[in-house]
$ cat input-v7.cif   # mmCIF, C-alpha atoms (C1' of nucleotides)
data_input
loop_
_atom_site.label_atom_id
_atom_site.label_comp_id
_atom_site.auth_asym_id
_atom_site.auth_seq_id
_atom_site.Cartn_x
_atom_site.Cartn_y
_atom_site.Cartn_z
CA MET V 238 -29.08 -114.32 -35.45
CA THR V 239 -26.86 -112.74 -38.04
CA PRO V 240 -24.34 -115.20 -39.42
CA ILE V 241 -22.13 -112.12 -39.47
CA PRO V 242 -22.09 -110.67 -42.95
CA ARG V 243 -19.09 -109.54 -44.88
CA SER V 244 -17.12 -106.92 -43.09
CA ASP V 245 -16.35 -104.57 -45.94
CA LEU V 246 -13.01 -103.53 -44.63
CA PRO V 247 -12.24 -99.85 -44.91
CA GLN V 248 -9.69 -99.16 -47.58
CA GLY V 249 -6.14 -99.69 -46.42
CA THR V 250 -7.00 -101.93 -43.52
CA LEU V 251 -6.60 -105.10 -45.51
CA ASP V 252 -2.90 -104.51 -46.04
CA LEU V 253 -2.33 -104.15 -42.33
CA LEU V 254 -4.10 -107.40 -41.54
CA ILE V 255 -2.31 -109.31 -44.27
CA LEU V 256 1.08 -108.02 -43.20
CA LYS V 257 0.36 -108.95 -39.60
CA VAL V 258 -0.55 -112.54 -40.41
CA ILE V 259 2.50 -112.96 -42.59
CA ALA V 260 4.68 -111.44 -39.89
CA LEU V 261 3.98 -114.47 -37.72
CA GLY V 262 5.59 -116.81 -40.22
CA PRO V 263 5.56 -117.83 -43.89
CA VAL V 264 2.06 -118.58 -45.06
CA HIS V 265 0.20 -118.88 -48.34
CA GLY V 266 -2.71 -116.75 -49.50
CA TYR V 267 -5.49 -119.19 -48.92
CA ALA V 268 -4.32 -119.77 -45.37
CA ILE V 269 -4.15 -116.02 -44.72
CA ALA V 270 -7.83 -115.66 -45.49
CA ARG V 271 -8.69 -118.63 -43.27
CA ARG V 272 -6.61 -117.27 -40.43
CA LEU V 273 -8.17 -113.81 -40.59
CA GLU V 274 -11.65 -115.25 -40.50
CA GLU V 275 -10.79 -117.55 -37.66
CA VAL V 276 -9.04 -115.10 -35.39
CA SER V 277 -11.56 -112.32 -36.00
CA ARG V 278 -14.36 -114.81 -35.31
CA GLY V 279 -15.83 -114.35 -38.73
CA VAL V 280 -15.97 -110.56 -38.67
CA VAL V 281 -13.19 -110.21 -41.19
CA GLN V 282 -13.92 -112.09 -44.42
CA VAL V 283 -11.55 -111.63 -47.29
CA PRO V 284 -12.79 -112.58 -50.76
CA GLU V 285 -10.09 -113.93 -53.04
CA GLY V 286 -10.69 -111.09 -55.44
CA SER V 287 -9.47 -108.76 -52.74
CA LEU V 288 -6.79 -110.96 -51.27
CA TYR V 289 -4.67 -111.88 -54.26
CA PRO V 290 -4.51 -108.42 -55.82
CA ALA V 291 -3.52 -107.11 -52.38
CA LEU V 292 -0.76 -109.69 -52.08
CA HIS V 293 0.55 -108.79 -55.51
CA ARG V 294 0.49 -105.10 -54.68
CA LEU V 295 2.43 -105.68 -51.50
CA GLU V 296 4.90 -107.88 -53.32
CA ASN V 297 5.40 -105.29 -56.06
CA ARG V 298 6.04 -102.65 -53.44
CA GLY V 299 8.77 -104.84 -52.01
CA LEU V 300 7.03 -105.46 -48.71
CA LEU V 301 6.58 -109.16 -49.32
CA ALA V 302 8.64 -111.90 -50.90
CA ALA V 303 7.38 -115.31 -51.93
CA ASP V 304 8.55 -118.87 -52.57
CA TRP V 305 6.72 -121.87 -53.92
CA LYS V 306 6.65 -124.71 -51.45
CA GLU V 307 4.61 -127.73 -50.70
CA THR V 308 1.79 -127.50 -48.18
CA GLU V 309 0.96 -130.06 -45.52
CA THR V 310 -1.68 -131.43 -47.85
CA GLY V 311 0.86 -132.08 -50.57
CA ARG V 312 -0.02 -129.26 -52.97
CA ASP V 313 2.15 -126.45 -54.22
CA ALA V 314 1.42 -123.03 -52.80
CA LYS V 315 3.03 -119.63 -52.77
CA PHE V 316 4.37 -118.89 -49.33
CA TYR V 317 4.76 -115.23 -48.47
CA ARG V 318 7.14 -113.72 -45.96
CA LEU V 319 7.91 -110.17 -44.89
CA THR V 320 10.93 -108.35 -46.23
CA ARG V 321 12.77 -106.02 -43.89
CA LYS V 322 10.98 -103.16 -45.59
CA GLY V 323 7.69 -104.96 -45.05
CA ARG V 324 8.34 -105.36 -41.35
CA LYS V 325 9.16 -101.67 -41.04
CA HIS V 326 6.02 -100.85 -42.95
CA LEU V 327 3.91 -103.06 -40.72
CA GLU V 328 5.19 -101.26 -37.65
CA GLY V 329 4.27 -97.92 -39.17
CA GLU V 330 0.86 -99.10 -40.28
CA ALA V 331 0.08 -100.56 -36.89
CA ALA V 332 1.04 -97.29 -35.23
CA SER V 333 -1.09 -95.33 -37.70
CA TRP V 334 -4.00 -97.63 -37.04
CA GLN V 335 -3.69 -97.10 -33.32
CA ARG V 336 -3.48 -93.34 -33.74
CA LEU V 337 -6.51 -93.44 -35.96
CA ILE V 338 -8.74 -95.50 -33.72
CA ASP V 339 -7.77 -93.32 -30.78
CA ALA V 340 -8.77 -90.23 -32.75
CA VAL V 341 -12.02 -91.79 -33.91
CA GLY V 342 -12.65 -92.88 -30.35
CA LEU V 343 -12.34 -89.29 -29.18
CA ILE V 344 -14.80 -88.16 -31.82
CA LEU V 345 -17.33 -90.89 -31.12
CA ALA V 346 -17.12 -90.08 -27.44
CA MET V 347 -18.09 -86.47 -28.05
CA ALA V 348 -21.14 -85.36 -26.16
CA GLU V 349 -23.39 -82.34 -26.43
CA GLY V 350 -21.18 -80.21 -24.25
CA GLY V 351 -17.90 -81.94 -24.93
CA GLY V 352 -15.33 -79.92 -26.82
CA GLY V 353 -11.78 -81.03 -26.13
CA MET H 246 8.11 -82.86 -33.45
CA THR H 247 5.65 -84.16 -35.96
CA PRO H 248 3.25 -81.46 -37.02
CA ILE H 249 0.93 -84.43 -37.48
CA PRO H 250 0.41 -85.02 -41.18
CA ARG H 251 -2.82 -85.74 -42.91
CA SER H 252 -4.54 -88.83 -41.63
CA ASP H 253 -5.78 -90.39 -44.86
CA LEU H 254 -8.90 -91.85 -43.42
CA PRO H 255 -9.77 -95.37 -44.50
CA GLN H 256 -12.68 -95.45 -46.87
CA GLY H 257 -16.01 -95.31 -45.12
CA THR H 258 -14.73 -93.80 -41.91
CA LEU H 259 -15.38 -90.25 -42.99
CA ASP H 260 -19.13 -90.81 -43.15
CA LEU H 261 -19.17 -92.10 -39.61
CA LEU H 262 -17.29 -89.10 -38.28
CA ILE H 263 -19.42 -86.63 -40.17
CA LEU H 264 -22.63 -88.23 -38.96
CA LYS H 265 -21.39 -88.19 -35.40
CA VAL H 266 -20.58 -84.50 -35.42
CA ILE H 267 -23.91 -83.63 -36.96
CA ALA H 268 -25.70 -85.82 -34.43
CA LEU H 269 -24.67 -83.39 -31.71
CA GLY H 270 -26.60 -80.58 -33.30
CA PRO H 271 -27.10 -78.70 -36.56
CA VAL H 272 -23.80 -77.62 -38.00
CA HIS H 273 -22.42 -76.44 -41.32
CA GLY H 274 -19.71 -78.10 -43.39
CA TYR H 275 -16.85 -75.83 -42.61
CA ALA H 276 -17.48 -76.20 -38.90
CA ILE H 277 -17.59 -79.98 -39.20
CA ALA H 278 -14.07 -80.03 -40.57
CA ARG H 279 -12.87 -77.68 -37.81
CA ARG H 280 -14.52 -79.78 -35.14
CA LEU H 281 -13.03 -83.04 -36.38
CA GLU H 282 -9.57 -81.56 -36.45
CA GLU H 283 -9.96 -80.03 -33.04
CA VAL H 284 -11.40 -83.02 -31.21
CA SER H 285 -9.02 -85.50 -32.83
CA ARG H 286 -6.12 -83.20 -31.93
CA GLY H 287 -5.17 -82.74 -35.55
CA VAL H 288 -5.06 -86.43 -36.44
CA VAL H 289 -8.18 -86.21 -38.57
CA GLN H 290 -7.91 -83.58 -41.28
CA VAL H 291 -10.68 -83.37 -43.81
CA PRO H 292 -9.97 -81.54 -47.08
CA GLU H 293 -12.98 -79.70 -48.46
CA GLY H 294 -12.78 -81.77 -51.61
CA SER H 295 -13.57 -84.81 -49.46
CA LEU H 296 -15.98 -83.17 -47.10
CA TYR H 297 -18.51 -81.60 -49.42
CA PRO H 298 -18.95 -84.57 -51.75
CA ALA H 299 -19.43 -86.73 -48.66
CA LEU H 300 -22.08 -84.39 -47.32
CA HIS H 301 -23.89 -84.44 -50.65
CA ARG H 302 -23.77 -88.22 -50.80
CA LEU H 303 -25.21 -88.49 -47.31
CA GLU H 304 -27.89 -85.98 -48.16
CA ASN H 305 -28.82 -87.83 -51.35
CA ARG H 306 -29.11 -91.04 -49.39
CA GLY H 307 -31.56 -89.36 -47.09
CA LEU H 308 -29.35 -89.51 -44.03
CA LEU H 309 -28.96 -85.76 -43.77
CA ALA H 310 -31.20 -82.77 -44.33
CA ALA H 311 -30.05 -79.20 -44.68
CA ASP H 312 -31.24 -75.62 -44.32
CA TRP H 313 -29.56 -72.36 -45.12
CA LYS H 314 -29.20 -70.23 -42.04
CA GLU H 315 -27.07 -67.44 -40.79
CA THR H 316 -23.95 -68.24 -38.81
CA GLU H 317 -22.77 -66.43 -35.71
CA THR H 318 -20.43 -64.46 -37.92
CA GLY H 319 -23.29 -63.24 -40.07
CA ARG H 320 -22.69 -65.33 -43.17
CA ASP H 321 -25.05 -67.75 -44.85
CA ALA H 322 -24.18 -71.39 -44.44
CA LYS H 323 -25.82 -74.73 -45.04
CA PHE H 324 -26.66 -76.31 -41.71
CA TYR H 325 -26.98 -80.08 -41.72
CA ARG H 326 -28.99 -82.20 -39.37
CA LEU H 327 -29.64 -85.92 -39.08
CA THR H 328 -32.83 -87.42 -40.38
CA ARG H 329 -34.35 -90.28 -38.44
CA LYS H 330 -32.86 -92.59 -41.03
CA GLY H 331 -29.50 -90.92 -40.54
CA ARG H 332 -29.62 -91.44 -36.81
CA LYS H 333 -30.39 -95.10 -37.30
CA HIS H 334 -27.59 -95.36 -39.78
CA LEU H 335 -25.15 -93.72 -37.40
CA GLU H 336 -26.00 -96.24 -34.72
CA GLY H 337 -25.35 -99.07 -37.12
CA GLU H 338 -22.12 -97.58 -38.39
CA ALA H 339 -20.84 -96.95 -34.90
CA ALA H 340 -21.59 -100.56 -33.96
CA SER H 341 -19.86 -101.79 -37.11
CA TRP H 342 -16.87 -99.65 -36.35
CA GLN H 343 -16.64 -101.08 -32.86
CA ARG H 344 -16.97 -104.62 -34.15
CA LEU H 345 -14.28 -103.92 -36.71
CA ILE H 346 -11.72 -102.44 -34.36
CA ASP H 347 -12.31 -105.29 -31.94
CA ALA H 348 -11.66 -107.77 -34.72
CA VAL H 349 -8.58 -105.93 -35.92
CA GLY H 350 -7.43 -105.74 -32.33
CA LEU H 351 -7.64 -109.51 -32.05
CA ILE H 352 -5.62 -109.92 -35.20
CA LEU H 353 -2.96 -107.41 -34.24
CA ALA H 354 -2.66 -109.12 -30.87
CA MET H 355 -1.91 -112.46 -32.47
CA ALA H 356 1.36 -113.98 -31.37
CA GLU H 357 3.45 -116.84 -32.70
CA GLY H 358 1.49 -119.44 -30.84
CA GLY H 359 -1.84 -117.65 -30.60
CA GLY H 360 -4.67 -119.10 -32.60
CA GLY H 361 -8.01 -118.11 -31.19
"C1'" DG R 299 -13.16 -142.36 -67.28
"C1'" DC R 300 -16.31 -138.66 -65.31
"C1'" DC R 301 -18.34 -135.63 -61.79
"C1'" DC R 302 -18.10 -133.21 -57.54
"C1'" DT R 303 -15.91 -130.91 -53.63
"C1'" DA R 304 -12.09 -128.66 -51.32
"C1'" DT R 305 -7.86 -126.59 -51.83
"C1'" DA R 306 -4.91 -123.06 -54.05
"C1'" DC R 307 -3.75 -119.56 -57.38
"C1'" DC R 308 -4.87 -115.90 -60.75
"C1'" DT R 309 -7.11 -111.84 -63.74
"C1'" DT R 310 -10.47 -108.46 -65.54
"C1'" DG R 311 -13.57 -104.79 -65.05
"C1'" DC R 312 -16.65 -102.17 -62.22
"C1'" DA R 313 -18.07 -99.32 -58.24
"C1'" DC R 314 -16.86 -96.46 -54.86
"C1'" DT R 315 -14.37 -93.12 -52.02
"C1'" DT R 316 -10.78 -89.90 -51.30
"C1'" DC R 317 -7.59 -86.46 -52.69
"C1'" DT R 318 -5.64 -82.85 -55.68
"C1'" DA R 319 -6.56 -78.79 -57.78
"C1'" DG R 320 -9.04 -75.74 -58.94
"C1'" DG R 321 -13.45 -72.26 -58.96
"C1'" DG R 322 -16.90 -69.00 -56.55
"C1'" DG R 323 -18.20 -65.46 -53.03
"C1'" DT R 324 -18.49 -62.67 -48.30
"C1'" DC R 325 -16.60 -60.20 -44.38
"C1'" DC R 326 -12.83 -58.00 -41.82
"C1'" DT R 327 -8.30 -56.17 -41.07
"C1'" DT R 328 -4.25 -53.96 -42.75
"C1'" DA J 22 -6.32 -52.69 -52.56
"C1'" DA J 23 -4.44 -56.85 -50.63
"C1'" DG J 24 -4.74 -60.71 -47.79
"C1'" DG J 25 -6.75 -63.84 -44.70
"C1'" DA J 26 -10.48 -66.28 -42.58
"C1'" DC J 27 -14.85 -68.00 -43.56
"C1'" DC J 28 -18.11 -70.84 -46.56
"C1'" DC J 29 -19.69 -73.28 -50.63
"C1'" DC J 30 -18.83 -76.16 -54.85
"C1'" DT J 31 -16.95 -79.34 -58.89
"C1'" DA J 32 -13.99 -82.27 -62.19
"C1'" DG J 33 -10.63 -85.48 -62.73
"C1'" DA J 34 -7.00 -88.60 -61.05
"C1'" DA J 35 -5.71 -92.30 -58.08
"C1'" DG J 36 -6.31 -96.09 -55.33
"C1'" DT J 37 -8.77 -100.02 -53.28
"C1'" DG J 38 -12.18 -103.72 -52.67
"C1'" DC J 39 -15.55 -106.69 -54.89
"C1'" DA J 40 -17.97 -109.73 -58.12
"C1'" DA J 41 -17.26 -112.82 -61.55
"C1'" DG J 42 -14.80 -115.76 -63.87
"C1'" DG J 43 -10.75 -119.02 -65.13
"C1'" DT J 44 -6.81 -122.60 -64.14
"C1'" DA J 45 -5.12 -126.72 -61.71
"C1'" DT J 46 -4.42 -130.65 -58.22
"C1'" DA J 47 -6.18 -134.34 -55.02
"C1'" DG J 48 -9.58 -137.45 -53.30
"C1'" DG J 49 -14.12 -139.81 -53.15
"C1'" DG J 50 -18.11 -141.95 -55.46
"C1'" DC J 51 -20.12 -144.06 -59.56
#
$ encode --input "input-v7.cif" --output "structure tokens"
Amino acid sequence: MTPIPRSDLPQGTLDLLILKVIALGPVHGYAIARRLEEVSRGVVQVPEGSLYPALHRLENRGLLAADWKETETGRDAKFYRLTRKGRKHLEGEAASWQRLIDAVGLILAMAEGGGG
Amino acid sequence: MTPIPRSDLPQGTLDLLILKVIALGPVHGYAIARRLEEVSRGVVQVPEGSLYPALHRLENRGLLAADWKETETGRDAKFYRLTRKGRKHLEGEAASWQRLIDAVGLILAMAEGGGG
DNA sequence: GCCCTATACCTTGCACTTCTAGGGGTCCTT
DNA sequence: AAGGACCCCTAGAAGTGCAAGGTATAGGGC
């Protein structure tokens, strides 16, 4: 069976997922990727070349803030947390996502006769 | 009330929607855009600058084939239909989409304590 | 000391898609 | 003639994800 290949997230989706994980509590980049893989049961796989640039983008836009702290394993890592703006943004993105998948659902459910 | 702004489809989604509409029967580009807007209740809005390049890409990849025919209104238009390969591809894309939104759903449903 | 693995962060440059902003042309109504 | 709806197309800008590569610490084995 397929070991579940890379998911190739549609553009824009990655931000939503990252923001959501961070919303649950301060966490560093490496752990974000692990968490996404774990919770999505391997469907969502985030290469570091996608993850870190995304984190920096979100930080530059003022949606995230970061502090260096020590991890459980004794190493230094950059822990991200949501700013107020980031939390607002997450809410909006989540709503947009829901609206989108509803719309796509309608389209995919179209049948030969089905109009509206 | 929101006049429902443009949806800004995540990358890759447009192909899926286009393929789905065409799967229901031969249809020309302009009508595809109308249909997507209509069925999605205005959430999905496809600018022509996105639509036509997408159609050409899909055609070049052998997923679509096209013929010029006359529309009901008496004008010439390029009617697209799915090739066998295109139909296969649509099935795969639809399955991927489902897998993706399930995975994203799991992630968005995560709570403070929730792991997997 | 040296190598290897796992953890943890980072950057550069490319490929790709979408959108903006335009360009055609036909048919019908005003 | 003017304007709108229909119908096709392209070039360039902008944004995002990916592959590939680099840095550094900690621990185990030799």
$ atom_distance --input "input-v7.cif" --atom1 "CA of Lys265 in chain H" --atom2 "C1' of DT315 in chain R"
18.7 Å
$ resolve_selection --input "input-v7.cif" --expression "the PyMOL selection byres ((chain H and resi 274) around 10)" --output "tab-separated table (two decimals) with C-alpha atoms (C1' of nucleotides), keeping the file's coordinate frame"
chain	number	residue	atom	x	y	z
H	263	ILE	CA	-19.42	-86.63	-40.17
H	267	ILE	CA	-23.91	-83.63	-36.96
H	272	VAL	CA	-23.80	-77.62	-38.00
H	273	HIS	CA	-22.42	-76.44	-41.32
H	275	TYR	CA	-16.85	-75.83	-42.61
H	276	ALA	CA	-17.48	-76.20	-38.90
H	277	ILE	CA	-17.59	-79.98	-39.20
H	278	ALA	CA	-14.07	-80.03	-40.57
H	279	ARG	CA	-12.87	-77.68	-37.81
H	280	ARG	CA	-14.52	-79.78	-35.14
H	293	GLU	CA	-12.98	-79.70	-48.46
H	296	LEU	CA	-15.98	-83.17	-47.10
H	297	TYR	CA	-18.51	-81.60	-49.42
H	300	LEU	CA	-22.08	-84.39	-47.32
H	322	ALA	CA	-24.18	-71.39	-44.44
H	323	LYS	CA	-25.82	-74.73	-45.04
H	324	PHE	CA	-26.66	-76.31	-41.71
H	325	TYR	CA	-26.98	-80.08	-41.72
J	28	DC	C1'	-18.11	-70.84	-46.56
J	29	DC	C1'	-19.69	-73.28	-50.63
$ residues_around --input "input-v7.cif" --residues "DT44 in chain J" --least-positions-apart "6" --cutoff "12 Å" --atoms "only C-alpha atoms (C1' of nucleotides)" --output "ChimeraX atom specification"
/R:306-309
$ closest_residue --input "input-v7.cif" --among "H:Ile352, H:Val266, H:Ala339, H:Val291" --to "chain R" --atoms "only C-alpha atoms (C1' of nucleotides)"
H:Val291
$ closest_residue --input "input-v7.cif" --among "V:Glu275, V:Glu330, V:Asp304, V:Glu309" --to "chain H" --atoms "all atoms listed in the file"
V:Glu275
$ resolve_selection --input "input-v7.cif" --expression "the PyMOL selection byres ((chain J and resi 31-40) around 12)" --output "mmCIF file with C-alpha atoms (C1' of nucleotides), in the frame of the given file"
data_model
loop_
_atom_site.group_PDB
_atom_site.id
_atom_site.type_symbol
_atom_site.label_atom_id
_atom_site.label_comp_id
_atom_site.auth_asym_id
_atom_site.auth_seq_id
_atom_site.Cartn_x
_atom_site.Cartn_y
_atom_site.Cartn_z
ATOM 1 C CA ARG V 243 -19.090 -109.540 -44.880
ATOM 2 C CA SER V 244 -17.120 -106.920 -43.090
ATOM 3 C CA ASP V 245 -16.350 -104.570 -45.940
ATOM 4 C CA LEU V 246 -13.010 -103.530 -44.630
ATOM 5 C CA PRO V 247 -12.240 -99.850 -44.910
ATOM 6 C CA GLN V 248 -9.690 -99.160 -47.580
ATOM 7 C CA GLY V 249 -6.140 -99.690 -46.420
ATOM 8 C CA THR V 250 -7.000 -101.930 -43.520
ATOM 9 C CA LEU V 251 -6.600 -105.100 -45.510
ATOM 10 C CA ASP V 252 -2.900 -104.510 -46.040
ATOM 11 C CA GLN V 282 -13.920 -112.090 -44.420
ATOM 12 C CA VAL V 283 -11.550 -111.630 -47.290
ATOM 13 C CA PRO V 284 -12.790 -112.580 -50.760
ATOM 14 C CA GLU V 285 -10.090 -113.930 -53.040
ATOM 15 C CA GLY V 286 -10.690 -111.090 -55.440
ATOM 16 C CA SER V 287 -9.470 -108.760 -52.740
ATOM 17 C CA LEU V 288 -6.790 -110.960 -51.270
ATOM 18 C CA TYR V 289 -4.670 -111.880 -54.260
ATOM 19 C CA PRO V 290 -4.510 -108.420 -55.820
ATOM 20 C CA ALA V 291 -3.520 -107.110 -52.380
ATOM 21 C CA ARG V 294 0.490 -105.100 -54.680
ATOM 22 C CA ASP H 253 -5.780 -90.390 -44.860
ATOM 23 C CA PRO H 255 -9.770 -95.370 -44.500
ATOM 24 C CA GLN H 256 -12.680 -95.450 -46.870
ATOM 25 C CA GLY H 257 -16.010 -95.310 -45.120
ATOM 26 C CA GLU H 293 -12.980 -79.700 -48.460
ATOM 27 C CA GLY H 294 -12.780 -81.770 -51.610
ATOM 28 C CA SER H 295 -13.570 -84.810 -49.460
ATOM 29 C CA TYR H 297 -18.510 -81.600 -49.420
ATOM 30 C CA PRO H 298 -18.950 -84.570 -51.750
ATOM 31 C CA HIS H 301 -23.890 -84.440 -50.650
ATOM 32 C "C1'" DT R 310 -10.470 -108.460 -65.540
ATOM 33 C "C1'" DG R 311 -13.570 -104.790 -65.050
ATOM 34 C "C1'" DC R 312 -16.650 -102.170 -62.220
ATOM 35 C "C1'" DA R 313 -18.070 -99.320 -58.240
ATOM 36 C "C1'" DC R 314 -16.860 -96.460 -54.860
ATOM 37 C "C1'" DT R 315 -14.370 -93.120 -52.020
ATOM 38 C "C1'" DT R 316 -10.780 -89.900 -51.300
ATOM 39 C "C1'" DC R 317 -7.590 -86.460 -52.690
ATOM 40 C "C1'" DT R 318 -5.640 -82.850 -55.680
ATOM 41 C "C1'" DA R 319 -6.560 -78.790 -57.780
ATOM 42 C "C1'" DG R 320 -9.040 -75.740 -58.940
ATOM 43 C "C1'" DG R 321 -13.450 -72.260 -58.960
ATOM 44 C "C1'" DG R 322 -16.900 -69.000 -56.550
ATOM 45 C "C1'" DC J 29 -19.690 -73.280 -50.630
ATOM 46 C "C1'" DC J 30 -18.830 -76.160 -54.850
ATOM 47 C "C1'" DA J 41 -17.260 -112.820 -61.550
ATOM 48 C "C1'" DG J 42 -14.800 -115.760 -63.870
#
$ residues_around --input "input-v7.cif" --residues "DT328 in chain R" --least-positions-apart "4" --cutoff "12 Å" --atoms "only C-alpha atoms (C1' of nucleotides)" --output "MDAnalysis selection string"
chainID J and resid 22:25
$ axis_aligned_box --input "input-v7.cif" --around "range 307-318 of chain R" --padding-each-side "8 Å" --output "JSON"
{"center_x": -10.9, "center_y": -101.2, "center_z": -58.4, "size_x": 30.3, "size_y": 52.7, "size_z": 30.2}
$ resolve_selection --input "input-v7.cif" --expression "the PyMOL selection byres ((chain J and resi 48) around 10)" --output "PyMOL selection string"
(chain R and resi 303-304) or (chain J and resi 46-47+49-50)
$ write_last_selection --input "input-v7.cif" --atoms "C-alpha atoms (C1' of nucleotides)" --output "PDB file, keeping the file's coordinate frame"
ATOM      1  C1'  DT R 303     -15.910-130.910 -53.630  1.00  0.00           C
ATOM      2  C1'  DA R 304     -12.090-128.660 -51.320  1.00  0.00           C
TER       3       DA R 304
ATOM      4  C1'  DT J  46      -4.420-130.650 -58.220  1.00  0.00           C
ATOM      5  C1'  DA J  47      -6.180-134.340 -55.020  1.00  0.00           C
ATOM      6  C1'  DG J  49     -14.120-139.810 -53.150  1.00  0.00           C
ATOM      7  C1'  DG J  50     -18.110-141.950 -55.460  1.00  0.00           C
TER       8       DG J  50
END
